[in-house]
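K.L.:
Structure file coords_25.txt, compact mmCIF, C-alpha atoms and all ligand atoms, is pasted below:
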# COMPACT_ATOMS: atom_id res chain seq x y z
CA LYS X 20 16.23 1.88 15.60
CA LEU X 21 13.24 -0.45 15.44
CA VAL X 22 13.22 -3.86 17.15
CA GLU X 23 10.84 -6.81 16.89
CA ASN X 24 10.28 -7.17 20.64
CA PHE X 25 9.72 -3.47 21.38
CA TYR X 26 6.52 -4.05 23.40
CA ASN X 27 7.56 -7.33 25.06
CA SER X 28 7.41 -5.92 28.57
CA THR X 29 4.89 -3.06 28.06
CA CYS X 30 2.21 -4.77 25.93
CA PRO X 31 3.18 -8.41 25.42
CA ASN X 32 -0.05 -9.38 23.64
CA VAL X 33 -0.14 -6.50 21.17
CA GLU X 34 0.41 -8.74 18.14
CA SER X 35 -2.46 -11.09 18.92
CA ILE X 36 -4.79 -8.20 19.85
CA VAL X 37 -4.11 -6.50 16.52
CA LYS X 38 -4.41 -9.76 14.62
CA ASP X 39 -7.80 -10.55 16.15
CA ALA X 40 -9.16 -7.06 15.41
CA VAL X 41 -7.86 -7.16 11.83
CA THR X 42 -9.22 -10.65 11.23
CA LYS X 43 -12.65 -9.62 12.49
CA LYS X 44 -12.69 -6.57 10.23
CA PHE X 45 -11.46 -8.62 7.24
CA LYS X 46 -14.28 -11.12 7.70
CA GLN X 47 -16.79 -8.25 7.52
CA GLU X 48 -15.11 -6.48 4.58
CA PHE X 49 -12.56 -8.38 2.47
CA ILE X 50 -11.40 -5.09 0.88
CA THR X 51 -9.81 -4.40 4.27
CA ALA X 52 -6.73 -6.16 2.87
CA GLN X 53 -6.03 -3.97 -0.16
CA ALA X 54 -7.16 -0.84 1.69
CA THR X 55 -4.72 -1.40 4.58
CA LEU X 56 -1.76 -2.39 2.39
CA ARG X 57 -2.08 0.73 0.24
CA LEU X 58 -2.58 2.92 3.30
CA PHE X 59 0.73 1.72 4.74
CA PHE X 60 2.56 2.57 1.50
CA HIS X 61 1.05 6.05 1.28
CA ASP X 62 1.82 6.67 4.94
CA CYS X 63 5.47 5.64 4.70
CA PHE X 64 6.24 7.71 1.58
CA VAL X 65 4.97 10.96 3.16
CA GLU X 66 6.67 12.02 6.44
CA GLY X 67 7.80 8.40 6.99
CA CYS X 68 5.86 5.51 8.59
CA ASP X 69 4.25 7.64 11.30
CA ALA X 70 0.47 7.38 10.77
CA SER X 71 0.43 10.97 9.43
CA VAL X 72 -2.03 9.83 6.74
CA ILE X 73 -4.62 8.83 9.34
CA ILE X 74 -5.11 12.30 10.88
CA ARG X 75 -8.52 13.85 10.24
CA SER X 76 -8.77 17.60 9.89
CA PRO X 77 -11.99 19.56 10.22
CA ASN X 78 -10.54 22.00 7.68
CA GLY X 79 -10.01 19.35 4.98
CA ASN X 80 -6.30 20.10 4.75
CA ALA X 81 -4.80 17.00 6.38
CA GLU X 82 -2.59 14.61 4.43
CA LYS X 83 -5.52 12.28 3.73
CA ASP X 84 -7.34 15.14 1.97
CA ALA X 85 -4.63 15.52 -0.70
CA SER X 86 -5.87 14.51 -4.15
CA GLU X 87 -3.36 11.61 -4.25
CA ASN X 88 -4.99 10.14 -1.13
CA LEU X 89 -8.67 10.61 -1.97
CA SER X 90 -8.89 7.10 -3.46
CA LEU X 91 -7.60 5.45 -0.28
CA ALA X 92 -10.46 3.20 0.82
CA GLY X 93 -12.03 4.03 4.18
CA ASP X 94 -11.74 0.46 5.40
CA GLY X 95 -7.97 0.83 5.81
CA PHE X 96 -8.37 3.75 8.19
CA ASP X 97 -11.15 1.92 10.00
CA THR X 98 -8.94 -1.15 10.45
CA VAL X 99 -6.25 0.85 12.25
CA ILE X 100 -8.78 2.73 14.37
CA LYS X 101 -10.52 -0.50 15.42
CA ALA X 102 -7.24 -2.29 16.18
CA LYS X 103 -6.03 0.72 18.19
CA GLU X 104 -9.24 0.69 20.27
CA ALA X 105 -8.69 -2.98 21.04
CA VAL X 106 -5.06 -2.32 22.03
CA GLU X 107 -5.94 0.72 24.18
CA ALA X 108 -8.37 -1.39 26.18
CA VAL X 109 -5.43 -3.54 27.35
CA CYS X 110 -2.34 -1.28 27.11
CA PRO X 111 -3.39 2.37 27.11
CA ASN X 112 -0.94 4.99 25.75
CA ILE X 113 1.74 2.45 24.90
CA VAL X 114 1.46 1.38 21.26
CA SER X 115 1.74 3.87 18.38
CA CYS X 116 -0.75 4.03 15.53
CA ALA X 117 2.22 3.75 13.16
CA ASP X 118 3.16 0.37 14.67
CA ILE X 119 -0.45 -0.79 14.61
CA LEU X 120 -0.64 0.05 10.88
CA ALA X 121 2.59 -1.90 10.28
CA LEU X 122 1.25 -4.94 12.17
CA ALA X 123 -2.18 -4.73 10.51
CA THR X 124 -0.52 -4.61 7.10
CA ARG X 125 1.46 -7.78 7.82
CA ASP X 126 -1.74 -9.44 9.05
CA VAL X 127 -3.84 -8.57 5.97
CA ILE X 128 -1.10 -9.85 3.66
CA THR X 129 -1.22 -13.18 5.49
CA LEU X 130 -5.04 -13.24 5.44
CA VAL X 131 -5.10 -13.07 1.63
CA GLY X 132 -2.51 -15.85 1.27
CA GLY X 133 0.73 -13.90 1.28
CA PRO X 134 3.85 -14.62 3.31
CA SER X 135 3.96 -13.97 7.05
CA PHE X 136 6.92 -12.15 8.55
CA ASN X 137 8.12 -10.53 11.75
CA VAL X 138 7.47 -6.80 12.07
CA GLU X 139 9.99 -4.40 13.60
CA LEU X 140 8.38 -2.03 16.09
CA GLY X 141 9.09 1.16 18.02
CA ARG X 142 7.78 3.81 15.60
CA ARG X 143 6.20 6.90 17.10
CA ASP X 144 3.32 8.87 15.63
CA GLY X 145 4.02 12.03 13.67
CA LEU X 146 3.01 15.56 14.56
CA VAL X 147 2.64 16.81 10.98
CA SER X 148 -0.16 15.94 8.55
CA GLN X 149 -0.68 18.39 5.72
CA ALA X 150 -2.25 17.95 2.31
CA SER X 151 0.20 20.47 0.87
CA ARG X 152 3.16 18.24 1.75
CA VAL X 153 2.04 15.25 -0.37
CA GLU X 154 2.74 16.62 -3.83
CA GLY X 155 5.57 14.81 -5.60
CA LYS X 156 6.08 12.24 -2.83
CA LEU X 157 3.96 9.42 -4.30
CA PRO X 158 4.45 7.66 -7.63
CA THR X 159 1.70 8.01 -10.22
CA SER X 160 0.37 5.52 -12.73
CA ASN X 161 2.08 7.23 -15.68
CA PHE X 162 5.61 7.06 -14.20
CA ASP X 163 8.30 5.45 -16.33
CA LEU X 164 10.97 3.12 -14.92
CA ASN X 165 13.40 5.95 -14.19
CA GLN X 166 10.81 7.95 -12.30
CA LEU X 167 9.76 4.87 -10.31
CA ASN X 168 13.38 4.05 -9.45
CA THR X 169 14.11 7.64 -8.46
CA ILE X 170 11.18 8.05 -6.08
CA PHE X 171 11.84 4.67 -4.42
CA SER X 172 15.58 5.36 -4.15
CA HIS X 173 14.80 8.43 -2.02
CA HIS X 174 13.77 5.89 0.65
CA ASN X 175 16.70 3.51 0.22
CA LEU X 176 14.61 1.14 -1.86
CA THR X 177 16.30 -0.52 -4.84
CA GLN X 178 14.81 -1.35 -8.22
CA THR X 179 14.31 -4.93 -7.04
CA ASP X 180 12.49 -3.68 -3.92
CA MET X 181 10.34 -1.44 -6.14
CA ILE X 182 9.43 -4.31 -8.48
CA ALA X 183 8.65 -6.63 -5.54
CA LEU X 184 6.56 -4.00 -3.74
CA SER X 185 4.65 -3.28 -6.95
CA GLY X 186 3.51 -6.88 -6.53
CA ALA X 187 1.10 -5.45 -3.94
CA HIS X 188 -1.05 -4.87 -7.04
CA THR X 189 -1.74 -8.62 -6.93
CA ILE X 190 -4.76 -7.51 -4.86
CA GLY X 191 -7.19 -4.64 -5.17
CA VAL X 192 -8.55 -2.35 -7.83
CA SER X 193 -7.99 0.88 -9.71
CA HIS X 194 -10.43 3.54 -10.80
CA CYS X 195 -10.80 3.95 -14.59
CA ASP X 196 -9.19 7.40 -14.68
CA GLN X 197 -5.83 5.90 -13.68
CA PHE X 198 -5.48 3.95 -16.95
CA ALA X 199 -7.92 5.71 -19.34
CA ASN X 200 -4.97 7.22 -21.22
CA ARG X 201 -3.99 3.67 -22.26
CA LEU X 202 -7.36 3.23 -23.99
CA TYR X 203 -8.27 6.67 -25.38
CA PRO X 204 -7.80 8.20 -27.88
CA SER X 205 -5.89 5.08 -29.01
CA ILE X 206 -5.03 1.75 -27.43
CA ASP X 207 -1.56 1.43 -25.87
CA PRO X 208 0.27 -1.11 -28.09
CA THR X 209 1.80 -2.84 -25.03
CA LEU X 210 -1.73 -3.92 -23.95
CA ASP X 211 -2.95 -7.38 -24.92
CA SER X 212 -5.77 -6.64 -27.37
CA ASN X 213 -8.42 -8.89 -25.79
CA TYR X 214 -7.60 -7.45 -22.39
CA ALA X 215 -7.88 -3.92 -23.82
CA GLN X 216 -11.42 -4.75 -25.02
CA GLN X 217 -12.33 -5.96 -21.51
CA LEU X 218 -11.08 -2.69 -20.08
CA ILE X 219 -13.02 -0.65 -22.62
CA ALA X 220 -16.21 -2.58 -21.79
CA ILE X 221 -15.96 -1.68 -18.10
CA CYS X 222 -14.39 1.74 -18.53
CA PRO X 223 -16.03 3.64 -21.41
CA GLN X 224 -14.81 7.12 -22.22
CA ASN X 225 -16.82 8.89 -19.54
CA PRO X 226 -17.30 6.21 -16.87
CA HIS X 227 -19.13 6.68 -13.62
CA PRO X 228 -16.36 8.02 -11.33
CA ASP X 229 -16.73 5.06 -8.94
CA THR X 230 -16.10 2.42 -11.62
CA VAL X 231 -13.09 0.23 -10.86
CA PHE X 232 -11.17 -2.60 -12.53
CA GLN X 233 -9.13 -5.30 -10.77
CA LEU X 234 -5.38 -4.70 -10.77
CA ASP X 235 -4.89 -8.49 -11.12
CA LEU X 236 -7.98 -9.58 -13.01
CA GLN X 237 -8.14 -13.27 -12.10
CA THR X 238 -7.02 -13.28 -8.48
CA SER X 239 -7.63 -9.76 -7.17
CA GLY X 240 -8.39 -11.13 -3.69
CA ILE X 241 -5.40 -13.45 -3.47
CA PHE X 242 -1.76 -12.60 -2.81
CA ASP X 243 0.05 -14.58 -5.51
CA ASN X 244 2.55 -13.94 -8.32
CA LEU X 245 -0.06 -13.77 -11.08
CA TYR X 246 0.54 -10.02 -11.20
CA TYR X 247 3.95 -10.71 -12.83
CA LYS X 248 2.59 -13.33 -15.23
CA ASN X 249 0.05 -10.71 -16.31
CA LEU X 250 2.84 -8.25 -17.07
CA VAL X 251 4.55 -10.86 -19.26
CA SER X 252 1.33 -11.33 -21.24
CA GLY X 253 0.53 -7.63 -21.67
CA LYS X 254 -2.13 -7.53 -18.96
CA GLY X 255 -0.65 -5.04 -16.55
CA LEU X 256 -3.41 -2.57 -15.67
CA LEU X 257 -1.45 0.60 -14.95
CA SER X 258 1.20 1.95 -17.25
CA SER X 259 3.56 1.90 -14.21
CA ASP X 260 2.90 -1.85 -13.88
CA GLN X 261 3.38 -2.73 -17.55
CA VAL X 262 6.57 -0.67 -17.86
CA LEU X 263 8.32 -3.08 -15.47
CA PHE X 264 8.15 -5.70 -18.21
CA THR X 265 8.37 -3.42 -21.24
CA ASN X 266 11.63 -1.82 -20.10
CA PRO X 267 14.53 -4.26 -20.65
CA LYS X 268 16.25 -2.96 -17.49
CA SER X 269 13.59 -4.48 -15.22
CA ARG X 270 12.26 -7.31 -17.39
CA SER X 271 14.47 -10.09 -16.03
CA THR X 272 13.27 -9.46 -12.45
CA VAL X 273 9.63 -9.59 -13.60
CA LEU X 274 10.36 -12.89 -15.36
CA ASP X 275 12.01 -14.25 -12.19
CA PHE X 276 9.03 -13.34 -10.03
CA ALA X 277 6.60 -14.71 -12.65
CA LYS X 278 8.40 -18.05 -12.67
CA ASN X 279 9.22 -18.39 -9.01
CA PRO X 280 6.61 -17.45 -6.40
CA LYS X 281 9.03 -18.07 -3.53
CA GLU X 282 11.51 -15.60 -4.96
CA PHE X 283 8.72 -13.02 -5.17
CA ASN X 284 7.51 -13.68 -1.62
CA ASP X 285 11.04 -13.41 -0.20
CA ALA X 286 11.73 -10.19 -2.10
CA PHE X 287 8.36 -8.78 -1.05
CA VAL X 288 9.11 -9.43 2.63
CA ILE X 289 12.52 -7.75 2.30
CA GLY X 290 10.86 -4.78 0.58
CA MET X 291 8.15 -4.51 3.23
CA LYS X 292 10.70 -4.53 6.06
CA LYS X 293 12.67 -1.76 4.34
CA LEU X 294 9.48 0.18 3.60
CA GLY X 295 8.56 -0.07 7.29
CA ARG X 296 11.81 1.68 8.26
CA VAL X 297 11.27 4.72 6.06
CA GLY X 298 11.52 7.99 7.99
CA VAL X 299 10.58 6.45 11.32
CA LYS X 300 10.53 8.52 14.50
CA THR X 301 11.86 6.76 17.61
CA GLY X 302 12.91 7.60 21.15
CA ASN X 303 11.22 10.80 22.30
CA LYS X 304 10.32 12.12 18.83
CA GLY X 305 6.65 12.39 17.92
CA GLU X 306 4.06 10.94 20.29
CA ILE X 307 1.94 7.90 21.06
CA ARG X 308 -1.44 9.01 19.82
CA ARG X 309 -4.46 8.04 21.90
CA ASP X 310 -6.89 8.35 18.98
CA CYS X 311 -5.24 7.53 15.65
CA SER X 312 -7.26 10.18 13.82
CA LYS X 313 -6.23 13.06 16.13
CA PHE X 314 -3.05 14.58 17.52
CA ASN X 315 -3.04 14.33 21.34
CA SER X 316 -2.89 18.12 21.57
CA SER X 317 -6.15 18.59 19.64
C1 LIG M 401 5.28 1.49 -7.95
C2 LIG M 401 4.55 2.59 -7.91
C3 LIG M 401 3.08 2.57 -7.61
C4 LIG M 401 2.13 3.25 -8.30
C5 LIG M 401 2.36 4.18 -9.49
C6 LIG M 401 0.87 2.92 -7.72
C7 LIG M 401 -0.34 3.43 -8.14
C8 LIG M 401 -1.57 2.93 -7.76
C9 LIG M 401 -2.83 3.35 -8.32
C10 LIG M 401 -3.01 4.43 -9.38
C11 LIG M 401 -3.80 2.60 -7.74
C12 LIG M 401 -5.31 2.69 -8.00
C13 LIG M 401 -5.93 3.74 -7.11
C14 LIG M 401 -7.40 3.94 -7.42
O1 LIG M 401 -7.71 4.44 -8.49
O2 LIG M 401 -8.24 3.56 -6.60
C15 LIG M 401 -3.15 1.71 -6.80
C16 LIG M 401 -3.80 0.80 -6.00
C17 LIG M 401 -3.17 0.02 -5.05
N1 LIG M 401 -1.84 0.10 -4.68
FE1 LIG M 401 -0.39 1.03 -5.71
N2 LIG M 401 1.06 2.05 -6.70
C18 LIG M 401 2.40 1.81 -6.58
C19 LIG M 401 3.02 1.03 -5.61
C20 LIG M 401 2.35 0.40 -4.57
C21 LIG M 401 2.99 -0.18 -3.43
C22 LIG M 401 4.49 -0.14 -3.14
C23 LIG M 401 2.00 -0.72 -2.66
C24 LIG M 401 2.11 -1.43 -1.33
C25 LIG M 401 3.20 -2.00 -0.89
C26 LIG M 401 0.76 -0.49 -3.36
C27 LIG M 401 -0.46 -0.96 -2.97
C28 LIG M 401 -1.64 -0.78 -3.66
C29 LIG M 401 -2.87 -1.49 -3.39
C30 LIG M 401 -3.05 -2.61 -2.37
C31 LIG M 401 -3.83 -0.98 -4.26
C32 LIG M 401 -5.32 -1.38 -4.34
C33 LIG M 401 -6.12 -0.46 -3.43
C34 LIG M 401 -7.60 -0.81 -3.35
O3 LIG M 401 -8.05 -1.77 -3.95
O4 LIG M 401 -8.30 -0.09 -2.62
N3 LIG M 401 1.01 0.21 -4.50
N4 LIG M 401 -1.79 1.95 -6.83
CA CA M 402 3.52 9.22 7.14
CA CA M 403 -3.51 -11.91 -7.18
Can you give me the file's structure in the form of structure tokens?
P.N.:
Amino acid sequence: KLVENFYNSTCPNVESIVKDAVTKKFKQEFITAQATLRLFFHDCFVEGCDASVIIRSPNGNAEKDASENLSLAGDGFDTVIKAKEAVEAVCPNIVSCADILALATRDVITLVGGPSFNVELGRRDGLVSQASRVEGKLPTSNFDLNQLNTIFSHHNLTQTDMIALSGAHTIGVSHCDQFANRLYPSIDPTLDSNYAQQLIAICPQNPHPDTVFQLDLQTSGIFDNLYYKNLVSGKGLLSSDQVLFTNPKSRSTVLDFAKNPKEFNDAFVIGMKKLGRVGVKTGNKGEIRRDCSKFNSS
């Protein structure tokens, strides 16, 4: 079981060390925020929150090499590696990379204007990181409400948790290929028509593969509840975003979060705490990695 004060006697300043390293990185690269938040999600849904996604393999067959993870931005990995280096300088071999990722994620959310919250600690780092084990574990942008609910329920996350955590798309971007099927060959009728034209202008039929569009067009660098207001007005970028409003089973929660930012923030914090408990290894399971990108044995 995780506890908030896990490092109180072994590394009492871990939270401020991580926060300083993350803040420094964020000031250099603001995309640190979205990159770290998405990294945490992808880590927790595959093998649990154990930093398995951070392992680098010379053979290109680690979890991060799976197709689903190729669009994870490098700045998220770099944030954890930098924060770990800062922690190792003070408390060597004590703090797991999985806990550092959890703390860094809380810190980036706060840096972009989101709620702050206490983070439970005591995770250990995983010993398995394989590209072949990712398939089917992460939701994709064409999932319908049932598919979204099912995949989240495998981790004890409810529909409300899923809708609140989808609010992470209040920051960051998506590559064109993730929503091109909503534009071509015909425009998805749930899309606002002016918004659809904006998307088409940035993402033509064969875009440069690096072209991206903001998940929350007006405030893609700010953690706010505009994401939900966008869904209400037909401006959800991914099909998996828009479906939360289109499907009557989830619509009332979207409307609640669109109207009441505090309700969204509270639900997001509950969702993040539950996400942070997914599949965690404690006690003598796993290891405390020295270098977050390598198993200790390698
Ligand atoms: C509900 C199911 C979800 C689906 C289908 C989904 C899918 C996606 C897709 C397709 C992208 C764009 C990737 C790209 O092309 O670069 C994206 C970006 C992102 N996702 Fe999700 N996601 C989901 C839930 C979550 C959750 C739970 C979180 C975190 C708590 C999250 C955080 C992010 C962030 C921050 C970005 C922006 C990344 C960046 O700008 O680099 N997503 N997501
Ligand atoms: Ca993991
Ligand atoms: Ca926003």
K.L.:
Hey, which residues sit close to ligand CA 403 (chain M)? Say within 9 Å, counting all atoms listed in the file, and write them as number ranges by chain.
P.N.:
X: 186-191, 234-246
K.L.:
With C-alpha atoms retained, could you export that selection as a PDB file, in the frame of the given file?
P.N.:
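Output (part-v3.pdb):
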ATOM      1  CA  GLY X 186       3.510  -6.880  -6.530  1.00  0.00           C
ATOM      2  CA  ALA X 187       1.100  -5.450  -3.940  1.00  0.00           C
ATOM      3  CA  HIS X 188      -1.050  -4.870  -7.040  1.00  0.00           C
ATOM      4  CA  THR X 189      -1.740  -8.620  -6.930  1.00  0.00           C
ATOM      5  CA  ILE X 190      -4.760  -7.510  -4.860  1.00  0.00           C
ATOM      6  CA  GLY X 191      -7.190  -4.640  -5.170  1.00  0.00           C
ATOM      7  CA  LEU X 234      -5.380  -4.700 -10.770  1.00  0.00           C
ATOM      8  CA  ASP X 235      -4.890  -8.490 -11.120  1.00  0.00           C
ATOM      9  CA  LEU X 236      -7.980  -9.580 -13.010  1.00  0.00           C
ATOM     10  CA  GLN X 237      -8.140 -13.270 -12.100  1.00  0.00           C
ATOM     11  CA  THR X 238      -7.020 -13.280  -8.480  1.00  0.00           C
ATOM     12  CA  SER X 239      -7.630  -9.760  -7.170  1.00  0.00           C
ATOM     13  CA  GLY X 240      -8.390 -11.130  -3.690  1.00  0.00           C
ATOM     14  CA  ILE X 241      -5.400 -13.450  -3.470  1.00  0.00           C
ATOM     15  CA  PHE X 242      -1.760 -12.600  -2.810  1.00  0.00           C
ATOM     16  CA  ASP X 243       0.050 -14.580  -5.510  1.00  0.00           C
ATOM     17  CA  ASN X 244       2.550 -13.940  -8.320  1.00  0.00           C
ATOM     18  CA  LEU X 245      -0.060 -13.770 -11.080  1.00  0.00           C
ATOM     19  CA  TYR X 246       0.540 -10.020 -11.200  1.00  0.00           C
TER      20      TYR X 246
END
K.L.:
Show me which residues are within 8 Å of ligand LIG 401 (chain M) counting all atoms listed in the file, and format the list as a PyMOL selection string.
P.N.:
chain X and resi 50+52-61+90-92+157-162+167+181-182+184-198+231+233-234+257+259-260+291
K.L.:
Return as a VMD selection string the residues of protein, DNA or RNA that approach ligand CA 402 (chain M) to within 12 Å, with all atoms listed in the file taken into account.
P.N.:
chain X and resid 58 to 74 81 to 83 88 116 to 118 120 to 121 142 to 150 152 to 153 156 to 157 294 to 300 305
K.L.:
For each of X:Pro280, X:Pro31, X:Gly255, X:Pro267, take the minimum atom-to-atom distance to Leu164 of chain X, counting only C-alpha atoms, then give the residue where this is smallest.
P.N.:
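Closest to Leu164 of chain X of all the choices is X:Pro267.
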K.L.:
Pick out the closest residue to Val127 of chain X from this set: X:Gly155, X:Asp163, X:Thr42, X:Asp94. Count only C-alpha atoms.
P.N.:
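Distance minimum relative to Val127 of chain X lands on X:Thr42.
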K.L.:
Atom CA of Leu256 of chain X and atom CA of Lys278 of chain X are how many Å apart?
P.N.:
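Taking atom CA of Leu256 of chain X as the start and atom CA of Lys278 of chain X as the end point, the length is 19.7 Å.
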K.L.:
Measure the distance from atom CA of Glu139 of chain X to atom CA of Asn315 of chain X in Å and round it to one decimal.
P.N.:
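It comes out at 24.1 Å.
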K.L.:
For the atom pair atom CA of Ser28 of chain X and atom CA of Ala102 of chain X, what is the interatomic distance in Å to one decimal place?
P.N.:
19.5 Å
K.L.:
Under the rule that all atoms listed in the file are counted, which of X:Ser115, X:Asn225, X:Ser172, X:Asn200 is the nearest residue to Asp310 of chain X?
P.N.:
X:Ser115
K.L.:
Fewer than 5 positions away in the same chain doesn't count, so skip those; otherwise give me all residues within 8 Å of Leu122 of chain X, counting all atoms listed in the file, as a compact mmCIF listing (two decimals) with C-alpha atoms, in the frame of the given file.
P.N.:
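Result saved to out_14.txt:
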# COMPACT_ATOMS: atom_id res chain seq x y z
CA GLU X 34 0.41 -8.74 18.14
CA VAL X 37 -4.11 -6.50 16.52
CA LYS X 38 -4.41 -9.76 14.62
CA VAL X 138 7.47 -6.80 12.07
K.L.:
Given only C-alpha atoms as the basis, pick out the residue of X:Asn27, X:Asp97, X:Asn78, X:Cys110 nearest to Ile307 of chain X.
P.N.:
X:Cys110
K.L.:
Taking the point (-9.7, -12.8, 4.7) as given in the file, collect each protein or nucleic acid residue that comes within 9 Å of it, counting all atoms listed in the file, and present the set as a PyMOL selection string.
P.N.:
chain X and resi 42-52+127+129-132+240
K.L.:
Will you model N, CA and C atoms for segment 32-48 of chain X and pass it back as a short mmCIF file (atom, residue, chain, number, x, y, z; two decimals), keeping the file's coordinate frame?
P.N.:
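Contents of the output file part_14.cif:
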data_model
loop_
_atom_site.label_atom_id
_atom_site.label_comp_id
_atom_site.auth_asym_id
_atom_site.auth_seq_id
_atom_site.Cartn_x
_atom_site.Cartn_y
_atom_site.Cartn_z
N ASN X 32 0.91 -8.74 24.55
CA ASN X 32 -0.05 -9.38 23.64
C ASN X 32 -0.45 -8.51 22.46
N VAL X 33 0.30 -7.43 22.21
CA VAL X 33 -0.14 -6.50 21.17
C VAL X 33 -0.35 -7.19 19.82
N GLU X 34 0.53 -8.13 19.47
CA GLU X 34 0.41 -8.74 18.14
C GLU X 34 -0.87 -9.54 17.98
N SER X 35 -1.24 -10.29 19.05
CA SER X 35 -2.46 -11.09 18.92
C SER X 35 -3.72 -10.21 19.01
N ILE X 36 -3.64 -9.11 19.77
CA ILE X 36 -4.79 -8.20 19.85
C ILE X 36 -5.04 -7.57 18.47
N VAL X 37 -3.97 -7.11 17.84
CA VAL X 37 -4.11 -6.50 16.52
C VAL X 37 -4.62 -7.55 15.52
N LYS X 38 -4.02 -8.72 15.58
CA LYS X 38 -4.41 -9.76 14.62
C LYS X 38 -5.89 -10.12 14.74
N ASP X 39 -6.38 -10.22 15.96
CA ASP X 39 -7.80 -10.55 16.15
C ASP X 39 -8.70 -9.44 15.61
N ALA X 40 -8.34 -8.19 15.89
CA ALA X 40 -9.16 -7.06 15.41
C ALA X 40 -9.15 -7.00 13.89
N VAL X 41 -7.98 -7.23 13.28
CA VAL X 41 -7.86 -7.16 11.83
C VAL X 41 -8.62 -8.32 11.18
N THR X 42 -8.53 -9.49 11.78
CA THR X 42 -9.22 -10.65 11.23
C THR X 42 -10.74 -10.46 11.26
N LYS X 43 -11.22 -9.89 12.36
CA LYS X 43 -12.65 -9.62 12.49
C LYS X 43 -13.13 -8.64 11.41
N LYS X 44 -12.37 -7.58 11.24
CA LYS X 44 -12.69 -6.57 10.23
C LYS X 44 -12.63 -7.17 8.82
N PHE X 45 -11.62 -7.99 8.56
CA PHE X 45 -11.46 -8.62 7.24
C PHE X 45 -12.63 -9.53 6.92
N LYS X 46 -13.14 -10.22 7.93
CA LYS X 46 -14.28 -11.12 7.70
C LYS X 46 -15.54 -10.33 7.35
N GLN X 47 -15.63 -9.09 7.86
CA GLN X 47 -16.79 -8.25 7.52
C GLN X 47 -16.62 -7.63 6.14
N GLU X 48 -15.40 -7.21 5.82
CA GLU X 48 -15.11 -6.48 4.58
C GLU X 48 -13.78 -6.98 4.03
#
